[in-house]
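Peer 1: Supplied structure: model08.pdb, PDB, C-alpha atoms.
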ATOM      1  CA  MET A  25       0.000   0.000   0.000
ATOM      2  CA  THR A  26       1.498   3.314  -1.097
ATOM      3  CA  PHE A  27      -0.986   5.502   0.782
ATOM      4  CA  GLY A  28       0.935   8.056   2.835
ATOM      5  CA  ASN A  29       4.271   7.162   1.260
ATOM      6  CA  VAL A  30       7.035   9.754   1.732
ATOM      7  CA  PRO A  31      10.513   9.880   0.155
ATOM      8  CA  ASN A  32      12.298  10.772   3.408
ATOM      9  CA  PRO A  33      10.562   9.169   6.421
ATOM     10  CA  GLU A  34      13.464  10.174   8.675
ATOM     11  CA  LEU A  35      12.264  13.779   8.342
ATOM     12  CA  VAL A  36       8.768  12.953   9.646
ATOM     13  CA  ASP A  37       7.787  12.974  13.322
ATOM     14  CA  LEU A  38       6.588   9.374  13.660
ATOM     15  CA  THR A  39       5.865   9.594  17.372
ATOM     16  CA  LEU A  40       2.711   7.759  18.376
ATOM     17  CA  PRO A  41       0.328  10.457  19.698
ATOM     18  CA  SER A  42      -1.284  10.276  23.110
ATOM     19  CA  ASP A  43      -4.708   8.702  23.269
ATOM     20  CA  HIS A  44      -7.801  10.783  22.712
ATOM     21  CA  LYS A  45      -9.299  11.728  26.076
ATOM     22  CA  ASP A  46     -12.337   9.463  25.534
ATOM     23  CA  THR A  47     -10.505   6.294  24.517
ATOM     24  CA  LYS A  48      -9.926   5.161  28.105
ATOM     25  CA  ARG A  49     -13.574   5.820  28.950
ATOM     26  CA  VAL A  50     -14.730   3.639  26.058
ATOM     27  CA  LEU A  51     -12.383   0.823  27.013
ATOM     28  CA  ASN A  52     -13.446   0.986  30.642
ATOM     29  CA  LYS A  53     -17.141   0.603  29.782
ATOM     30  CA  VAL A  54     -17.129  -3.192  30.024
ATOM     31  CA  GLN A  55     -15.247  -4.644  32.956
ATOM     32  CA  ASP A  56     -14.452  -8.343  32.717
ATOM     33  CA  ALA A  57     -11.399 -10.567  32.823
ATOM     34  CA  THR A  58     -11.578 -11.698  29.209
ATOM     35  CA  ILE A  59      -8.198 -11.830  27.511
ATOM     36  CA  PRO A  60      -8.363  -9.763  24.302
ATOM     37  CA  GLU A  61      -8.408 -11.642  21.029
ATOM     38  CA  VAL A  62      -5.556 -10.613  18.735
ATOM     39  CA  PHE A  63      -5.556 -10.941  14.964
ATOM     40  CA  VAL A  64      -2.481 -10.049  12.908
ATOM     41  CA  GLY A  65      -2.172 -10.251   9.158
ATOM     42  CA  CYS A  66      -1.207  -8.774   5.828
ATOM     43  CA  ALA A  67      -3.472  -7.302   3.156
ATOM     44  CA  LYS A  68      -3.263 -10.102   0.607
ATOM     45  CA  TRP A  69      -1.876 -13.558   0.046
ATOM     46  CA  ASN A  70      -0.825 -13.270  -3.604
ATOM     47  CA  LYS A  71       2.523 -14.894  -4.261
ATOM     48  CA  ALA A  72       3.570 -12.066  -6.598
ATOM     49  CA  ASP A  73       3.068  -9.483  -3.845
ATOM     50  CA  LEU A  74       4.636 -11.526  -1.054
ATOM     51  CA  LYS A  75       7.655 -12.621  -3.032
ATOM     52  CA  GLY A  76       9.927 -14.900  -1.034
ATOM     53  CA  PHE A  77       7.311 -15.684   1.632
ATOM     54  CA  TYR A  78       6.134 -18.970   0.157
ATOM     55  CA  PRO A  79       8.314 -22.101   0.122
ATOM     56  CA  LYS A  80       9.148 -23.445  -3.304
ATOM     57  CA  GLY A  81       6.450 -25.702  -4.601
ATOM     58  CA  THR A  82       3.594 -24.038  -2.699
ATOM     59  CA  LYS A  83       0.461 -24.716  -4.725
ATOM     60  CA  ASP A  84      -2.237 -23.145  -2.571
ATOM     61  CA  GLU A  85      -1.118 -19.750  -1.315
ATOM     62  CA  LEU A  86      -4.084 -19.078   0.978
ATOM     63  CA  ALA A  87      -3.806 -22.489   2.613
ATOM     64  CA  TYR A  88      -0.126 -21.862   3.381
ATOM     65  CA  TYR A  89      -0.672 -18.241   4.432
ATOM     66  CA  ALA A  90      -3.305 -19.413   6.931
ATOM     67  CA  THR A  91      -0.751 -21.681   8.613
ATOM     68  CA  GLN A  92       1.441 -18.634   9.344
ATOM     69  CA  PHE A  93      -1.131 -15.950  10.195
ATOM     70  CA  ASN A  94      -4.497 -15.995  11.937
ATOM     71  CA  ALA A  95      -6.051 -13.210   9.818
ATOM     72  CA  ILE A  96      -6.102 -11.511   6.435
ATOM     73  CA  GLU A  97      -7.211  -8.008   5.553
ATOM     74  CA  LEU A  98      -9.206  -9.017   2.513
ATOM     75  CA  ASN A  99      -8.666  -6.187   0.025
ATOM     76  CA  ALA A 100      -9.749  -8.271  -2.974
ATOM     77  CA  THR A 101     -13.400  -7.698  -2.032
ATOM     78  CA  PHE A 102     -12.949  -3.971  -2.666
ATOM     79  CA  TYR A 103     -12.688  -4.615  -6.405
ATOM     80  CA  ARG A 104     -15.557  -7.030  -6.965
ATOM     81  CA  ILE A 105     -18.363  -8.880  -5.228
ATOM     82  CA  PHE A 106     -17.315 -12.509  -5.195
ATOM     83  CA  PRO A 107     -20.000 -15.207  -5.421
ATOM     84  CA  PRO A 108     -20.957 -17.137  -2.274
ATOM     85  CA  GLU A 109     -19.116 -20.192  -3.578
ATOM     86  CA  GLN A 110     -15.798 -18.333  -3.481
ATOM     87  CA  PHE A 111     -16.227 -17.342   0.147
ATOM     88  CA  SER A 112     -17.113 -20.949   0.950
ATOM     89  CA  LYS A 113     -13.897 -22.118  -0.730
ATOM     90  CA  TRP A 114     -11.851 -19.650   1.303
ATOM     91  CA  TYR A 115     -13.612 -20.880   4.411
ATOM     92  CA  ASP A 116     -12.748 -24.493   3.652
ATOM     93  CA  LYS A 117      -9.061 -23.745   3.035
ATOM     94  CA  THR A 118      -8.388 -22.121   6.402
ATOM     95  CA  PRO A 119      -8.136 -23.431   9.985
ATOM     96  CA  SER A 120     -10.791 -22.888  12.619
ATOM     97  CA  ASN A 121      -8.962 -20.016  14.334
ATOM     98  CA  PHE A 122      -8.536 -17.992  11.125
ATOM     99  CA  LYS A 123     -10.554 -14.856  10.322
ATOM    100  CA  PHE A 124     -11.131 -12.728   7.232
ATOM    101  CA  PHE A 125     -11.541  -8.947   7.500
ATOM    102  CA  PRO A 126     -13.011  -7.936   4.124
ATOM    103  CA  LYS A 127     -13.102  -4.426   2.699
ATOM    104  CA  LEU A 128     -16.454  -3.245   1.374
ATOM    105  CA  PHE A 129     -16.930  -3.072  -2.389
ATOM    106  CA  GLN A 130     -15.761   0.155  -4.055
ATOM    107  CA  GLU A 131     -19.183   0.792  -5.604
ATOM    108  CA  ILE A 132     -20.433   1.427  -2.070
ATOM    109  CA  SER A 133     -17.617   3.684  -0.911
ATOM    110  CA  HIS A 134     -16.062   5.281  -3.989
ATOM    111  CA  TYR A 135     -18.609   5.236  -6.820
ATOM    112  CA  LYS A 136     -21.932   5.736  -5.065
ATOM    113  CA  ARG A 137     -20.244   7.295  -2.032
ATOM    114  CA  LEU A 138     -22.825   5.815   0.373
ATOM    115  CA  HIS A 139     -25.748   7.194  -1.673
ATOM    116  CA  GLU A 140     -28.547   4.649  -2.208
ATOM    117  CA  VAL A 141     -26.279   1.678  -1.591
ATOM    118  CA  GLN A 142     -28.575  -0.615   0.398
ATOM    119  CA  ALA A 143     -29.077  -3.076  -2.457
ATOM    120  CA  VAL A 144     -25.341  -3.302  -3.145
ATOM    121  CA  VAL A 145     -24.598  -3.795   0.549
ATOM    122  CA  GLU A 146     -27.146  -6.590   0.776
ATOM    123  CA  ASP A 147     -25.685  -8.276  -2.313
ATOM    124  CA  TYR A 148     -22.190  -8.053  -0.828
ATOM    125  CA  LEU A 149     -23.227  -9.387   2.563
ATOM    126  CA  GLN A 150     -25.222 -12.282   1.124
ATOM    127  CA  SER A 151     -21.918 -13.576  -0.233
ATOM    128  CA  ALA A 152     -19.605 -12.570   2.621
ATOM    129  CA  VAL A 153     -21.664 -14.326   5.301
ATOM    130  CA  HIS A 154     -20.576 -17.639   3.770
ATOM    131  CA  LEU A 155     -17.375 -17.152   5.749
ATOM    132  CA  LYS A 156     -19.583 -17.959   8.753
ATOM    133  CA  GLU A 157     -17.679 -17.729  12.064
ATOM    134  CA  LYS A 158     -14.484 -16.858  10.187
ATOM    135  CA  LEU A 159     -15.966 -13.524   9.121
ATOM    136  CA  GLY A 160     -14.206 -10.848  11.162
ATOM    137  CA  THR A 161     -14.945  -7.137  11.154
ATOM    138  CA  ILE A 162     -15.968  -5.808   7.735
ATOM    139  CA  PHE A 163     -14.464  -2.420   6.995
ATOM    140  CA  LEU A 164     -15.501   0.598   4.987
ATOM    141  CA  GLN A 165     -12.749   2.770   3.517
ATOM    142  CA  MET A 166     -13.889   6.085   2.078
ATOM    143  CA  HIS A 167     -12.061   8.002  -0.648
ATOM    144  CA  SER A 168      -9.706  10.747   0.560
ATOM    145  CA  ASN A 169     -11.907  13.366  -1.131
ATOM    146  CA  PHE A 170     -15.043  12.271   0.752
ATOM    147  CA  SER A 171     -15.465  15.175   3.152
ATOM    148  CA  PRO A 172     -17.855  15.862   6.064
ATOM    149  CA  LYS A 173     -20.233  17.392   3.518
ATOM    150  CA  GLY A 174     -21.392  13.799   3.175
ATOM    151  CA  PHE A 175     -22.066  13.350   6.897
ATOM    152  CA  ASP A 176     -25.786  12.674   6.382
ATOM    153  CA  ARG A 177     -24.879   9.747   4.148
ATOM    154  CA  VAL A 178     -22.574   8.368   6.821
ATOM    155  CA  VAL A 179     -25.346   8.604   9.423
ATOM    156  CA  ALA A 180     -27.806   6.772   7.180
ATOM    157  CA  PHE A 181     -25.270   4.086   6.311
ATOM    158  CA  ILE A 182     -24.184   3.461   9.900
ATOM    159  CA  GLN A 183     -27.714   3.361  11.249
ATOM    160  CA  SER A 184     -28.898   0.918   8.573
ATOM    161  CA  TRP A 185     -25.954  -1.465   8.966
ATOM    162  CA  PRO A 186     -27.022  -4.879  10.359
ATOM    163  CA  LYS A 187     -25.977  -4.757  13.997
ATOM    164  CA  GLN A 188     -25.057  -8.446  14.181
ATOM    165  CA  LEU A 189     -22.121  -7.876  11.804
ATOM    166  CA  PRO A 190     -19.117  -5.977  13.212
ATOM    167  CA  LEU A 191     -18.193  -2.894  11.157
ATOM    168  CA  ALA A 192     -15.168  -0.586  11.108
ATOM    169  CA  VAL A 193     -14.771   2.655   9.138
ATOM    170  CA  GLU A 194     -11.811   4.568   7.764
ATOM    171  CA  PHE A 195     -12.063   8.207   6.743
ATOM    172  CA  ARG A 196      -9.163   9.847   4.919
ATOM    173  CA  HIS A 197     -10.300  13.427   4.353
ATOM    174  CA  THR A 198      -8.476  15.514   6.929
ATOM    175  CA  ASP A 199     -11.568  17.509   7.966
ATOM    176  CA  TRP A 200     -13.102  14.463   9.651
ATOM    177  CA  PHE A 201     -10.495  14.795  12.388
ATOM    178  CA  ASN A 202      -9.121  18.347  12.187
ATOM    179  CA  ASP A 203     -12.510  19.980  12.676
ATOM    180  CA  PRO A 204     -13.256  19.359  16.391
ATOM    181  CA  LYS A 205     -17.030  19.704  15.984
ATOM    182  CA  VAL A 206     -17.174  17.259  13.061
ATOM    183  CA  ALA A 207     -14.817  14.847  14.791
ATOM    184  CA  GLU A 208     -16.908  14.778  17.960
ATOM    185  CA  GLU A 209     -20.124  14.178  16.019
ATOM    186  CA  LEU A 210     -18.453  11.355  14.121
ATOM    187  CA  TYR A 211     -17.065   9.727  17.261
ATOM    188  CA  GLN A 212     -20.454   9.884  18.968
ATOM    189  CA  LEU A 213     -22.163   8.330  15.937
ATOM    190  CA  LEU A 214     -19.690   5.451  15.796
ATOM    191  CA  GLU A 215     -19.744   4.893  19.544
ATOM    192  CA  ALA A 216     -23.554   4.880  19.698
ATOM    193  CA  ASN A 217     -23.692   2.242  16.962
ATOM    194  CA  ASN A 218     -20.762   0.109  18.205
ATOM    195  CA  VAL A 219     -18.703   0.779  15.058
ATOM    196  CA  SER A 220     -14.898   0.678  15.220
ATOM    197  CA  ASN A 221     -12.947   3.793  14.262
ATOM    198  CA  ILE A 222      -9.964   2.632  12.193
ATOM    199  CA  ILE A 223      -6.554   4.102  12.998
ATOM    200  CA  VAL A 224      -4.232   4.452  10.005
ATOM    201  CA  ASP A 225      -0.555   4.794  10.884
ATOM    202  CA  THR A 226       1.323   5.955   7.792
ATOM    203  CA  ALA A 227       4.249   8.338   7.508
ATOM    204  CA  GLY A 228       2.665  10.836   5.143
ATOM    205  CA  ARG A 229      -0.671  11.275   6.912
ATOM    206  CA  ARG A 230      -0.024  11.875  10.591
ATOM    207  CA  ASP A 231      -3.331  13.803  10.723
ATOM    208  CA  LEU A 232      -5.140  10.451  10.648
ATOM    209  CA  MET A 233      -3.646   9.378  13.974
ATOM    210  CA  HIS A 234      -6.738  10.366  15.944
ATOM    211  CA  MET A 235      -6.164   7.653  18.605
ATOM    212  CA  ARG A 236      -9.887   7.614  19.348
ATOM    213  CA  LEU A 237     -11.403   4.188  19.912
ATOM    214  CA  THR A 238     -15.181   4.124  19.654
ATOM    215  CA  ASN A 239     -15.712   0.619  21.007
ATOM    216  CA  THR A 240     -13.590  -2.080  22.600
ATOM    217  CA  THR A 241     -12.151  -3.229  19.256
ATOM    218  CA  ALA A 242      -8.879  -1.657  18.139
ATOM    219  CA  PHE A 243      -8.585  -1.821  14.341
ATOM    220  CA  VAL A 244      -5.160  -0.600  13.193
ATOM    221  CA  ARG A 245      -3.843  -0.404   9.631
ATOM    222  CA  TYR A 246      -0.089   0.067   9.877
ATOM    223  CA  VAL A 247       1.880   1.195   6.812
ATOM    224  CA  GLY A 248       5.631   0.848   7.010
ATOM    225  CA  ALA A 249       7.986   3.158   5.148
ATOM    226  CA  ASN A 250      10.594   0.510   4.288
ATOM    227  CA  HIS A 251      12.842   2.296   6.744
ATOM    228  CA  GLU A 252      14.534   1.295   9.986
ATOM    229  CA  SER A 253      11.965   3.392  11.861
ATOM    230  CA  ASP A 254       9.327   0.773  10.954
ATOM    231  CA  TYR A 255      10.562  -1.372  13.834
ATOM    232  CA  SER A 256      10.666   1.350  16.492
ATOM    233  CA  ARG A 257       7.180   2.425  15.426
ATOM    234  CA  LEU A 258       5.966  -1.130  16.007
ATOM    235  CA  ASP A 259       7.656  -1.096  19.414
ATOM    236  CA  ASP A 260       5.568   1.976  20.256
ATOM    237  CA  TRP A 261       2.436   0.153  19.170
ATOM    238  CA  ILE A 262       3.283  -2.763  21.434
ATOM    239  CA  ASP A 263       3.465  -0.348  24.359
ATOM    240  CA  ARG A 264       0.126   1.219  23.420
ATOM    241  CA  LEU A 265      -1.610  -2.132  23.005
ATOM    242  CA  LYS A 266      -0.227  -3.207  26.359
ATOM    243  CA  LEU A 267      -1.857  -0.109  27.872
ATOM    244  CA  TRP A 268      -5.150  -0.741  26.100
ATOM    245  CA  LYS A 269      -5.121  -4.313  27.327
ATOM    246  CA  THR A 270      -5.016  -3.061  30.934
ATOM    247  CA  GLN A 271      -7.827  -0.597  30.161
ATOM    248  CA  GLY A 272     -10.231  -3.188  28.760
ATOM    249  CA  VAL A 273      -9.719  -3.624  25.010
ATOM    250  CA  LYS A 274     -11.483  -6.815  23.897
ATOM    251  CA  GLU A 275     -10.150  -7.311  20.369
ATOM    252  CA  ILE A 276      -7.054  -6.142  18.512
ATOM    253  CA  ASN A 277      -7.003  -6.276  14.711
ATOM    254  CA  PHE A 278      -3.585  -5.230  13.432
ATOM    255  CA  PHE A 279      -2.781  -5.323   9.727
ATOM    256  CA  ILE A 280       0.684  -4.584   8.431
ATOM    257  CA  HIS A 281       1.357  -3.078   5.024
ATOM    258  CA  GLN A 282       4.556  -2.004   3.335
ATOM    259  CA  ASN A 283       5.173   0.261   0.360
ATOM    260  CA  ILE A 284       7.270  -2.666  -0.849
ATOM    261  CA  GLU A 285       4.655  -5.271   0.033
ATOM    262  CA  LYS A 286       6.960  -8.274   0.025
ATOM    263  CA  GLU A 287       8.475  -7.046   3.292
ATOM    264  CA  SER A 288       5.134  -7.133   5.126
ATOM    265  CA  PRO A 289       5.616 -10.704   6.452
ATOM    266  CA  LEU A 290       9.025  -9.763   7.849
ATOM    267  CA  LEU A 291       7.578  -6.833   9.774
ATOM    268  CA  SER A 292       4.652  -9.003  10.843
ATOM    269  CA  ALA A 293       7.010 -11.614  12.268
ATOM    270  CA  TYR A 294       8.803  -8.952  14.309
ATOM    271  CA  PHE A 295       5.509  -7.550  15.579
ATOM    272  CA  THR A 296       4.093 -10.977  16.439
ATOM    273  CA  GLU A 297       7.196 -11.973  18.378
ATOM    274  CA  LYS A 298       6.897  -8.742  20.384
ATOM    275  CA  LEU A 299       3.200  -9.358  21.019
ATOM    276  CA  ASN A 300       3.986 -12.796  22.367
ATOM    277  CA  SER A 301       6.791 -11.671  24.657
ATOM    278  CA  GLU A 302       5.301  -8.370  25.861
ATOM    279  CA  LEU A 303       1.578  -9.155  26.046
ATOM    280  CA  GLY A 304       1.723 -12.862  26.837
ATOM    281  CA  TYR A 305       0.339 -14.352  23.638
ATOM    282  CA  SER A 306       1.463 -17.452  21.769
ATOM    283  CA  LEU A 307       0.700 -16.510  18.189
ATOM    284  CA  LYS A 308       2.480 -18.289  15.374
ATOM    285  CA  ILE A 309       5.494 -16.262  14.197
ATOM    286  CA  PRO A 310       5.263 -16.213  10.378
ATOM    287  CA  ASN A 311       7.992 -18.295   8.758
ATOM    288  CA  GLU A 312       9.912 -18.308  12.031
ATOM    289  CA  ASN A 313      12.515 -20.771  10.799
ATOM    290  CA  LEU A 314      12.996 -19.043   7.454
ATOM    291  CA  GLN A 315      13.367 -15.400   8.457
ATOM    292  CA  GLN A 316      17.048 -15.160   7.514
ATOM    293  CA  ASN A 317      16.276 -16.381   4.011
ATOM    294  CA  LEU A 318      13.076 -14.520   3.212
ATOM    295  CA  PHE A 319      14.332 -11.495   1.313
TER
END
As structure tokens, please, write out the structure in this file.
Peer 2:
Amino acid sequence: MTFGNVPNPELVDLTLPSDHKDTKRVLNKVQDATIPEVFVGCAKWNKADLKGFYPKGTKDELAYYATQFNAIELNATFYRIFPPEQFSKWYDKTPSNFKFFPKLFQEISHYKRLHEVQAVVEDYLQSAVHLKEKLGTIFLQMHSNFSPKGFDRVVAFIQSWPKQLPLAVEFRHTDWFNDPKVAEELYQLLEANNVSNIIVDTAGRRDLMHMRLTNTTAFVRYVGANHESDYSRLDDWIDRLKLWKTQGVKEINFFIHQNIEKESPLLSAYFTEKLNSELGYSLKIPNENLQQNLF
């Protein structure tokens, strides 16, 4: 993913901002001893994009990918609505602990821009639900030129979304977060409807680091800069997730992208190892025995 790519990341302040003042309140809403579920993955499983990740002779890329990760950010569903049979095939190829986090179809977000999209949404969901219990949070990513002028459309979309299906949203126009009044109205809408507010961590768009959770699910899309700072930035995220765990976060969905996508599994392995050691998990470290030979 090239979104937010910069030529000189060392010149950018990549410090992880402090949490929004209401994030702790949201996390503290539900008090129980449940250990948060953690899902870590890349954006795709294509062999061409993840060059060097697959052992020679790998015939089924998804089946192998699912032995190394417990989640995938399913970007393929942004470009077309796949038939139910395809989702069923993906379901059958993956283990019981695996989850898919599909992006909503671009006709909904980019072409119709949330205007009269109910029929398209229903068509999409009728296929996606064939992932059954492996269907994770579905996410909506709006175009960067979709501004708060379309707020009424957002309200209608959020309120009509079927509540039994977890939803997360990503807004890229800067006015959603830089205008305090708009931001507060958006946060209240998402919180009232139990919709996750996606955090995008990318070097060229630090304005998107709102650090405002609107429910107890943290959905983070991390974009590396193919720079040594990628690792220290992930260290900072480990510290923040450790804090959120003490405050009551119930699910962490963390997807790692790179401008040079083939390096995503390498970063993911580093992040997963840190999660295990710092937060007490035992997630599979992708290609743990092959890391020295990946790239």
Peer 1: Specify as a list in words each residue included when the PyMOL selection byres ((chain A and resi 298) around 12) is applied to this file.
Peer 2: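 With the shown file as input, the PyMOL selection byres ((chain A and resi 298) around 12) matches Tyr255, Ser256, Leu258, Asp259, Asp260, Trp261, Ile262, Asp263, Leu265, Lys266, Leu291, Ser292, Ala293, Tyr294, Phe295, Thr296, Glu297, Leu299, Asn300, Ser301, Glu302, Leu303, Gly304, Tyr305, Ser306, Leu307, Lys308 and Ile309 of chain A.
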Peer 1: Using Å and a single decimal, report how far CA of Thr91 in chain A sits from CA of Phe106 in chain A.
Peer 2: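 Value for the CA of Phe106 in chain A-CA of Thr91 in chain A distance: 23.4 Å.
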Peer 1: If we count all atoms listed in the file, what is near range 125-140 of chain A at a cut-off of 9 Å, once residues fewer than 6 positions away on the same chain are taken out, given as a PDB file with C-alpha atoms, in the coordinates of the input?
Peer 2:
ATOM      1  CA  ALA A  95      -6.051 -13.210   9.818  1.00  0.00           C
ATOM      2  CA  ILE A  96      -6.102 -11.511   6.435  1.00  0.00           C
ATOM      3  CA  GLU A  97      -7.211  -8.008   5.553  1.00  0.00           C
ATOM      4  CA  LEU A  98      -9.206  -9.017   2.513  1.00  0.00           C
ATOM      5  CA  ASN A  99      -8.666  -6.187   0.025  1.00  0.00           C
ATOM      6  CA  ALA A 100      -9.749  -8.271  -2.974  1.00  0.00           C
ATOM      7  CA  THR A 101     -13.400  -7.698  -2.032  1.00  0.00           C
ATOM      8  CA  PHE A 102     -12.949  -3.971  -2.666  1.00  0.00           C
ATOM      9  CA  TYR A 103     -12.688  -4.615  -6.405  1.00  0.00           C
ATOM     10  CA  ARG A 104     -15.557  -7.030  -6.965  1.00  0.00           C
ATOM     11  CA  ILE A 105     -18.363  -8.880  -5.228  1.00  0.00           C
ATOM     12  CA  TYR A 148     -22.190  -8.053  -0.828  1.00  0.00           C
ATOM     13  CA  ALA A 152     -19.605 -12.570   2.621  1.00  0.00           C
ATOM     14  CA  LYS A 158     -14.484 -16.858  10.187  1.00  0.00           C
ATOM     15  CA  LEU A 159     -15.966 -13.524   9.121  1.00  0.00           C
ATOM     16  CA  GLY A 160     -14.206 -10.848  11.162  1.00  0.00           C
ATOM     17  CA  THR A 161     -14.945  -7.137  11.154  1.00  0.00           C
ATOM     18  CA  ILE A 162     -15.968  -5.808   7.735  1.00  0.00           C
ATOM     19  CA  PHE A 163     -14.464  -2.420   6.995  1.00  0.00           C
ATOM     20  CA  LEU A 164     -15.501   0.598   4.987  1.00  0.00           C
ATOM     21  CA  GLN A 165     -12.749   2.770   3.517  1.00  0.00           C
ATOM     22  CA  MET A 166     -13.889   6.085   2.078  1.00  0.00           C
ATOM     23  CA  HIS A 167     -12.061   8.002  -0.648  1.00  0.00           C
ATOM     24  CA  PHE A 170     -15.043  12.271   0.752  1.00  0.00           C
ATOM     25  CA  GLY A 174     -21.392  13.799   3.175  1.00  0.00           C
ATOM     26  CA  ARG A 177     -24.879   9.747   4.148  1.00  0.00           C
ATOM     27  CA  VAL A 178     -22.574   8.368   6.821  1.00  0.00           C
ATOM     28  CA  ALA A 180     -27.806   6.772   7.180  1.00  0.00           C
ATOM     29  CA  PHE A 181     -25.270   4.086   6.311  1.00  0.00           C
ATOM     30  CA  ASN A 277      -7.003  -6.276  14.711  1.00  0.00           C
TER      31      ASN A 277
END
Peer 1: Just to confirm, what's the straight-line distance from CA of Asp46 in chain A to CA of Asp231 in chain A in Å (one decimal)?
Peer 2: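 Separating CA of Asp46 in chain A from CA of Asp231 in chain A is a distance of 17.9 Å.
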Peer 1: Could you state the separation of CA of Phe63 in chain A and CA of Thr241 in chain A in Å, given to one decimal place?
Peer 2: 11.0 Å
Peer 1: Pick out the closest residue to Phe175 in chain A from this set: A:Val153, A:Glu34, A:Glu312, A:Leu213. Count all atoms listed in the file.
Peer 2: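 Ranking A:Val153, A:Glu34, A:Glu312, A:Leu213 by distance to Phe175 in chain A, first place goes to A:Leu213.
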Peer 1: With the PyMOL selection byres ((chain A and resi 71) around 12) as the selection, what would be picked from this file? Answer as an NGL selection string, please.
Peer 2: :A and (68-70 or 72-86 or 88-89 or 285-286 or 289)
Peer 1: Okay, now the selection with C-alpha atoms, as a short mmCIF file (atom, residue, chain, number, x, y, z; two decimals), keeping the file's coordinate frame?
Peer 2:
data_model
loop_
_atom_site.label_atom_id
_atom_site.label_comp_id
_atom_site.auth_asym_id
_atom_site.auth_seq_id
_atom_site.Cartn_x
_atom_site.Cartn_y
_atom_site.Cartn_z
CA LYS A 68 -3.26 -10.10 0.61
CA TRP A 69 -1.88 -13.56 0.05
CA ASN A 70 -0.82 -13.27 -3.60
CA ALA A 72 3.57 -12.07 -6.60
CA ASP A 73 3.07 -9.48 -3.84
CA LEU A 74 4.64 -11.53 -1.05
CA LYS A 75 7.66 -12.62 -3.03
CA GLY A 76 9.93 -14.90 -1.03
CA PHE A 77 7.31 -15.68 1.63
CA TYR A 78 6.13 -18.97 0.16
CA PRO A 79 8.31 -22.10 0.12
CA LYS A 80 9.15 -23.44 -3.30
CA GLY A 81 6.45 -25.70 -4.60
CA THR A 82 3.59 -24.04 -2.70
CA LYS A 83 0.46 -24.72 -4.72
CA ASP A 84 -2.24 -23.14 -2.57
CA GLU A 85 -1.12 -19.75 -1.32
CA LEU A 86 -4.08 -19.08 0.98
CA TYR A 88 -0.13 -21.86 3.38
CA TYR A 89 -0.67 -18.24 4.43
CA GLU A 285 4.66 -5.27 0.03
CA LYS A 286 6.96 -8.27 0.02
CA PRO A 289 5.62 -10.70 6.45
#
Peer 1: Point out the residue among A:Lys123, A:Thr47, A:Pro186, A:Ile280 with the least atom-to-atom distance to Val145 in chain A, counting only C-alpha atoms.
Peer 2: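 Nearest candidate to Val145 in chain A out of A:Lys123, A:Thr47, A:Pro186, A:Ile280: A:Pro186.
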Peer 1: Please tabulate, as JSON lines, the residues of range 109-211 of chain A that come within 12 Å of range 35-45 of chain A, each with its closest pair of atoms and the distance in Å to one decimal, counting all atoms listed in the file and ordering rows by chain, then residue number upward.
Peer 2:
{"residue": "A:Phe201", "atom": "CA", "partner": "A:His44", "partner_atom": "CA", "distance": 11.4}
{"residue": "A:Pro204", "atom": "CA", "partner": "A:His44", "partner_atom": "CA", "distance": 12.0}
{"residue": "A:Ala207", "atom": "CA", "partner": "A:His44", "partner_atom": "CA", "distance": 11.3}
{"residue": "A:Glu208", "atom": "CA", "partner": "A:His44", "partner_atom": "CA", "distance": 11.0}
{"residue": "A:Tyr211", "atom": "CA", "partner": "A:His44", "partner_atom": "CA", "distance": 10.8}
Peer 1: Point out the residue among A:Pro310, A:Pro33, A:Gly272, A:Pro172 with the least atom-to-atom distance to Trp200 in chain A, counting all atoms listed in the file.
Peer 2: A:Pro172
Peer 1: Using all atoms listed in the file, pick whichever of A:Gln282, A:Asn121, A:Gln188, A:Gln55 has the shortest atom-to-atom distance to Ala249 in chain A.
Peer 2: A:Gln282
Peer 1: Could you list as a compact mmCIF listing (two decimals) with C-alpha atoms, keeping the file's coordinate frame every residue that has an atom within 12 Å of (-20.9, 6.7, 19.0), using the file's coordinates and counting all atoms listed in the file?
Peer 2:
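Written output follows (result.txt):
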# COMPACT_ATOMS: atom_id res chain seq x y z
CA ASP A 46 -12.34 9.46 25.53
CA THR A 47 -10.50 6.29 24.52
CA VAL A 50 -14.73 3.64 26.06
CA VAL A 179 -25.35 8.60 9.42
CA ILE A 182 -24.18 3.46 9.90
CA GLN A 183 -27.71 3.36 11.25
CA ALA A 207 -14.82 14.85 14.79
CA GLU A 208 -16.91 14.78 17.96
CA GLU A 209 -20.12 14.18 16.02
CA LEU A 210 -18.45 11.36 14.12
CA TYR A 211 -17.07 9.73 17.26
CA GLN A 212 -20.45 9.88 18.97
CA LEU A 213 -22.16 8.33 15.94
CA LEU A 214 -19.69 5.45 15.80
CA GLU A 215 -19.74 4.89 19.54
CA ALA A 216 -23.55 4.88 19.70
CA ASN A 217 -23.69 2.24 16.96
CA ASN A 218 -20.76 0.11 18.20
CA VAL A 219 -18.70 0.78 15.06
CA SER A 220 -14.90 0.68 15.22
CA ASN A 221 -12.95 3.79 14.26
CA ARG A 236 -9.89 7.61 19.35
CA LEU A 237 -11.40 4.19 19.91
CA THR A 238 -15.18 4.12 19.65
CA ASN A 239 -15.71 0.62 21.01
CA THR A 240 -13.59 -2.08 22.60
Peer 1: So for range 253-266 of chain A, what box centre and size do we get, axis-aligned, 5 Å extra on each of the six sides, every listed atom, Å to one decimal, as JSON?
Peer 2:
{"center_x": 5.2, "center_y": 0.1, "center_z": 18.7, "size_x": 23.6, "size_y": 16.6, "size_z": 25.4}
Peer 1: Compare A:Val224, A:Ile276, A:Ala242, A:Met235 by their minimum atom-to-atom distance to Val64 in chain A, counting all atoms listed in the file, and give me the closest one.
Peer 2: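 Using all atoms listed in the file, the shortest distance to Val64 in chain A belongs to A:Ile276.
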